[in-house]
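Written out below as structure tokens is the structure these notes cover.
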Amino acid sequence: MKKEKKVTAIVLAGGQGHRMQTAIPKQYLLLEGKPILYYSLMAFEKSQVDEIVLVTGEGEEEYCREEIVNRYGISKAAVIIKGGQERYHSVYAGLKACRDCETVLIHDGARPFLTEEMIERSIEGARKYQACILGMPVKDTIKISDGNGYVEATPERDRVWMVQTPQSFSYSLVYSAYQRLMEEGGQVTDDAMAVERFSGVYVRLLEGSYKNIKITTPEDLLAAEQLIKLYLGQKNCKS
């Protein structure tokens, strides 16, 4: 049987967490006694991903290595590097650090409710479509502003999705898109946007989970504390 080429996960852990209103970056805050970052790293550790590239804030590389990677036995996190000023700079640094990789998953370290099943579907989706992202249809009606505080349009709700991570790609495709982004300038708010702008490949939407939240504000952390207790309770019931 032909062996599939390497799958790499880039985990972004360089956020400053200003909206969290804490001195500690949000990815290092504790959730049920473990750093938020631990949960997504462990999900990748248990998955079919071959290697993890962990992108941290400047000067936080050794802390992540000793206090998270080594402490919790994240053996796949073989590469730990510093990120850049903006998220897309950090992604590019992570892409350049990938080694002999065919498929790459890019994930925000502040999303702790990643599951192995999401990872598996993301890998399959990237191999089938070249570019895919997790997300969920919105529950509320969305309004488009005209920039002056008035409603300009109301898109059909069943066509509007909340985008999540991981966002998964053929490595060569997304690396080429980011190279062009860096050369030509501009900004992107997620990885799919780079592929949309600099390639002719359509990005496939895959259903993620409403639980796959990003912890950004104190309210998010409160919600995550309730979710993790529910998750651990369900896990204990099955064991």
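Going by the structure tokens order, chains are called A, B, ..., each with residues numbered from 1, while ligands are numbered from 1 in the order shown.
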
Q | Exercise: Leu95 in chain A partners within 9 Å, only C-alpha atoms, chain neighbours under 4 positions left out, as a ChimeraX atom specification | A | /A:10,53,90-91,99,104,171,174-175,178

Those selected residues, please, written with N, CA and C atoms and delivered as a PDB file, in the first residue's frame.
```pdb
ATOM      1  N   ILE A  10       0.076  23.326  11.707  1.00  0.00           N
ATOM      2  CA  ILE A  10       0.643  24.572  12.224  1.00  0.00           C
ATOM      3  C   ILE A  10      -0.319  25.100  13.279  1.00  0.00           C
ATOM      4  N   VAL A  53       4.017  22.099  13.940  1.00  0.00           N
ATOM      5  CA  VAL A  53       4.846  23.299  13.987  1.00  0.00           C
ATOM      6  C   VAL A  53       4.120  24.284  14.897  1.00  0.00           C
ATOM      7  N   SER A  90       2.723  35.118  11.013  1.00  0.00           N
ATOM      8  CA  SER A  90       3.001  33.905  11.774  1.00  0.00           C
ATOM      9  C   SER A  90       2.712  32.652  10.951  1.00  0.00           C
ATOM     10  N   VAL A  91       1.625  32.694  10.184  1.00  0.00           N
ATOM     11  CA  VAL A  91       1.309  31.551   9.328  1.00  0.00           C
ATOM     12  C   VAL A  91       2.422  31.336   8.309  1.00  0.00           C
ATOM     13  N   ARG A  99       8.400  20.679   6.906  1.00  0.00           N
ATOM     14  CA  ARG A  99       9.428  19.854   6.293  1.00  0.00           C
ATOM     15  C   ARG A  99       8.785  18.700   5.519  1.00  0.00           C
ATOM     16  N   VAL A 104      -1.270  20.437   4.907  1.00  0.00           N
ATOM     17  CA  VAL A 104      -1.042  21.245   6.100  1.00  0.00           C
ATOM     18  C   VAL A 104      -2.368  21.724   6.667  1.00  0.00           C
ATOM     19  N   TYR A 171      -0.180  21.648   0.684  1.00  0.00           N
ATOM     20  CA  TYR A 171       0.892  22.537   1.145  1.00  0.00           C
ATOM     21  C   TYR A 171       1.386  23.457   0.028  1.00  0.00           C
ATOM     22  N   VAL A 174      -1.148  26.483  -0.627  1.00  0.00           N
ATOM     23  CA  VAL A 174      -1.227  27.562   0.352  1.00  0.00           C
ATOM     24  C   VAL A 174       0.115  28.279   0.505  1.00  0.00           C
ATOM     25  N   TYR A 175       1.214  27.546   0.360  1.00  0.00           N
ATOM     26  CA  TYR A 175       2.530  28.190   0.449  1.00  0.00           C
ATOM     27  C   TYR A 175       2.723  29.161  -0.701  1.00  0.00           C
ATOM     28  N   TYR A 178       0.658  32.296  -0.027  1.00  0.00           N
ATOM     29  CA  TYR A 178       1.275  33.176   0.978  1.00  0.00           C
ATOM     30  C   TYR A 178       2.523  33.867   0.436  1.00  0.00           C
TER      31      TYR A 178
END
```

Please build the interface table for range 146-230 of chain A against range 20-42 of chain A with a cut-off of 8 Å, listing for each qualifying residue the nearest atom pair and the distance in Å to one decimal; count only C-alpha atoms, order rows by chain and increasing number, and write it as a tab-separated table.
```
residue	atom	partner	partner_atom	distance
A:Ile215	CA	A:Lys26	CA	7.3
A:Thr216	CA	A:Met20	CA	5.9
A:Thr217	CA	A:Met20	CA	4.4
A:Pro218	CA	A:Met20	CA	5.4
A:Ala224	CA	A:Leu31	CA	7.7
A:Glu225	CA	A:Leu31	CA	6.4
A:Ile228	CA	A:Glu32	CA	7.3
A:Lys229	CA	A:Glu32	CA	7.9
```

Q.
If you run DSSP on the backbone here, which positions in chain A get strand (DSSP E or B)? Please write them as an MDAnalysis selection string.
A. chainID A and resid 6:13 30:31 34:35 51:56 79:82 101:108 131:137 144:145 151:153 161:170 204:207

Keeping only C-alpha atoms, write the selected residues to a file as a PDB file, in the first residue's frame.
```pdb
ATOM      1  CA  LYS A   6       3.428  13.856   5.568  1.00  0.00           C
ATOM      2  CA  VAL A   7       0.632  15.825   7.211  1.00  0.00           C
ATOM      3  CA  THR A   8       1.717  18.828   9.272  1.00  0.00           C
ATOM      4  CA  ALA A   9      -0.328  20.950  11.674  1.00  0.00           C
ATOM      5  CA  ILE A  10       0.643  24.572  12.224  1.00  0.00           C
ATOM      6  CA  VAL A  11      -0.659  25.724  15.604  1.00  0.00           C
ATOM      7  CA  LEU A  12      -0.700  29.479  16.149  1.00  0.00           C
ATOM      8  CA  ALA A  13      -0.006  30.550  19.724  1.00  0.00           C
ATOM      9  CA  LEU A  30      -5.789  27.571  32.498  1.00  0.00           C
ATOM     10  CA  LEU A  31      -8.872  25.587  31.528  1.00  0.00           C
ATOM     11  CA  LYS A  34      -4.300  22.903  31.860  1.00  0.00           C
ATOM     12  CA  PRO A  35      -3.280  25.696  29.463  1.00  0.00           C
ATOM     13  CA  GLU A  51       4.266  16.724  12.864  1.00  0.00           C
ATOM     14  CA  ILE A  52       3.261  19.914  14.666  1.00  0.00           C
ATOM     15  CA  VAL A  53       4.846  23.299  13.987  1.00  0.00           C
ATOM     16  CA  LEU A  54       4.104  25.483  17.009  1.00  0.00           C
ATOM     17  CA  VAL A  55       4.313  29.222  16.335  1.00  0.00           C
ATOM     18  CA  THR A  56       4.614  31.298  19.512  1.00  0.00           C
ATOM     19  CA  VAL A  79       9.383  22.549  15.606  1.00  0.00           C
ATOM     20  CA  ILE A  80       8.784  25.579  17.842  1.00  0.00           C
ATOM     21  CA  ILE A  81       9.371  29.005  16.311  1.00  0.00           C
ATOM     22  CA  LYS A  82       8.474  32.622  16.925  1.00  0.00           C
ATOM     23  CA  CYS A 101       4.862  18.198   3.834  1.00  0.00           C
ATOM     24  CA  GLU A 102       2.027  17.397   1.415  1.00  0.00           C
ATOM     25  CA  THR A 103      -0.985  18.478   3.508  1.00  0.00           C
ATOM     26  CA  VAL A 104      -1.042  21.245   6.100  1.00  0.00           C
ATOM     27  CA  LEU A 105      -3.662  22.128   8.714  1.00  0.00           C
ATOM     28  CA  ILE A 106      -3.540  25.637  10.197  1.00  0.00           C
ATOM     29  CA  HIS A 107      -5.181  25.994  13.601  1.00  0.00           C
ATOM     30  CA  ASP A 108      -5.645  28.728  16.211  1.00  0.00           C
ATOM     31  CA  ALA A 131      -8.470  23.683   0.165  1.00  0.00           C
ATOM     32  CA  CYS A 132     -11.101  23.323   2.857  1.00  0.00           C
ATOM     33  CA  ILE A 133     -12.125  25.088   6.054  1.00  0.00           C
ATOM     34  CA  LEU A 134     -14.264  24.173   9.021  1.00  0.00           C
ATOM     35  CA  GLY A 135     -17.229  26.367   9.855  1.00  0.00           C
ATOM     36  CA  MET A 136     -20.875  26.400  10.852  1.00  0.00           C
ATOM     37  CA  PRO A 137     -23.965  28.091   9.403  1.00  0.00           C
ATOM     38  CA  ILE A 144     -24.287  44.189   6.054  1.00  0.00           C
ATOM     39  CA  SER A 145     -23.486  47.745   7.103  1.00  0.00           C
ATOM     40  CA  VAL A 151     -28.202  48.476   6.806  1.00  0.00           C
ATOM     41  CA  GLU A 152     -27.013  48.027   3.251  1.00  0.00           C
ATOM     42  CA  ALA A 153     -28.029  44.397   2.692  1.00  0.00           C
ATOM     43  CA  TRP A 161     -21.114  30.639   7.687  1.00  0.00           C
ATOM     44  CA  MET A 162     -18.985  31.349  10.746  1.00  0.00           C
ATOM     45  CA  VAL A 163     -15.471  30.274   9.852  1.00  0.00           C
ATOM     46  CA  GLN A 164     -13.382  28.159  12.208  1.00  0.00           C
ATOM     47  CA  THR A 165     -10.049  26.349  12.180  1.00  0.00           C
ATOM     48  CA  PRO A 166      -8.325  24.166  11.241  1.00  0.00           C
ATOM     49  CA  GLN A 167      -8.135  25.419   7.699  1.00  0.00           C
ATOM     50  CA  SER A 168      -6.539  22.717   5.578  1.00  0.00           C
ATOM     51  CA  PHE A 169      -4.724  22.787   2.278  1.00  0.00           C
ATOM     52  CA  SER A 170      -2.400  21.201  -0.182  1.00  0.00           C
ATOM     53  CA  ARG A 204     -14.624  23.885   0.320  1.00  0.00           C
ATOM     54  CA  LEU A 205     -16.701  24.457   3.466  1.00  0.00           C
ATOM     55  CA  LEU A 206     -16.849  21.537   5.899  1.00  0.00           C
ATOM     56  CA  GLU A 207     -19.113  21.443   8.931  1.00  0.00           C
TER      57      GLU A 207
END
```

Q: If you run DSSP over the backbone, which residues in range 4-230 of chain A end up alpha helix (DSSP H)? Put them as number ranges by chain.
A: A: 36-45, 61-63, 87-97, 116-129, 171-184, 191-198, 218-230

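The space between CA of Arg87 in chain A and CA of Lys211 in chain A spans 22.6 Å.
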
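Among the candidates A:Lys214, A:Arg111, A:Arg180, A:Arg65, the residue lying nearest to Ala194 in chain A is A:Arg180 (atoms considered: only C-alpha atoms).
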
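Interatomic distance, CA of Ala177 in chain A to CA of Leu114 in chain A: 25.5 Å.
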
(Q) Would you compute the distance between CA of Glu156 in chain A and CA of Glu196 in chain A? Give it in Å to one decimal. (A) 21.4 Å

Q. Taking only C-alpha atoms into account, which of A:Leu181, A:Ala126, A:Val201, A:Leu173 comes nearest His89 in chain A?
A. A:Leu181

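Across A:Gly200, A:Glu124, A:Arg159, A:Met182, the tightest approach to Thr141 in chain A is made by A:Arg159 when counting only C-alpha atoms.
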
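Nearest-residue note for Val138 in chain A: choosing from A:Pro112, A:Gly57, A:Pro155, A:Gly125, the minimum distance belongs to A:Pro155, counting only C-alpha atoms.
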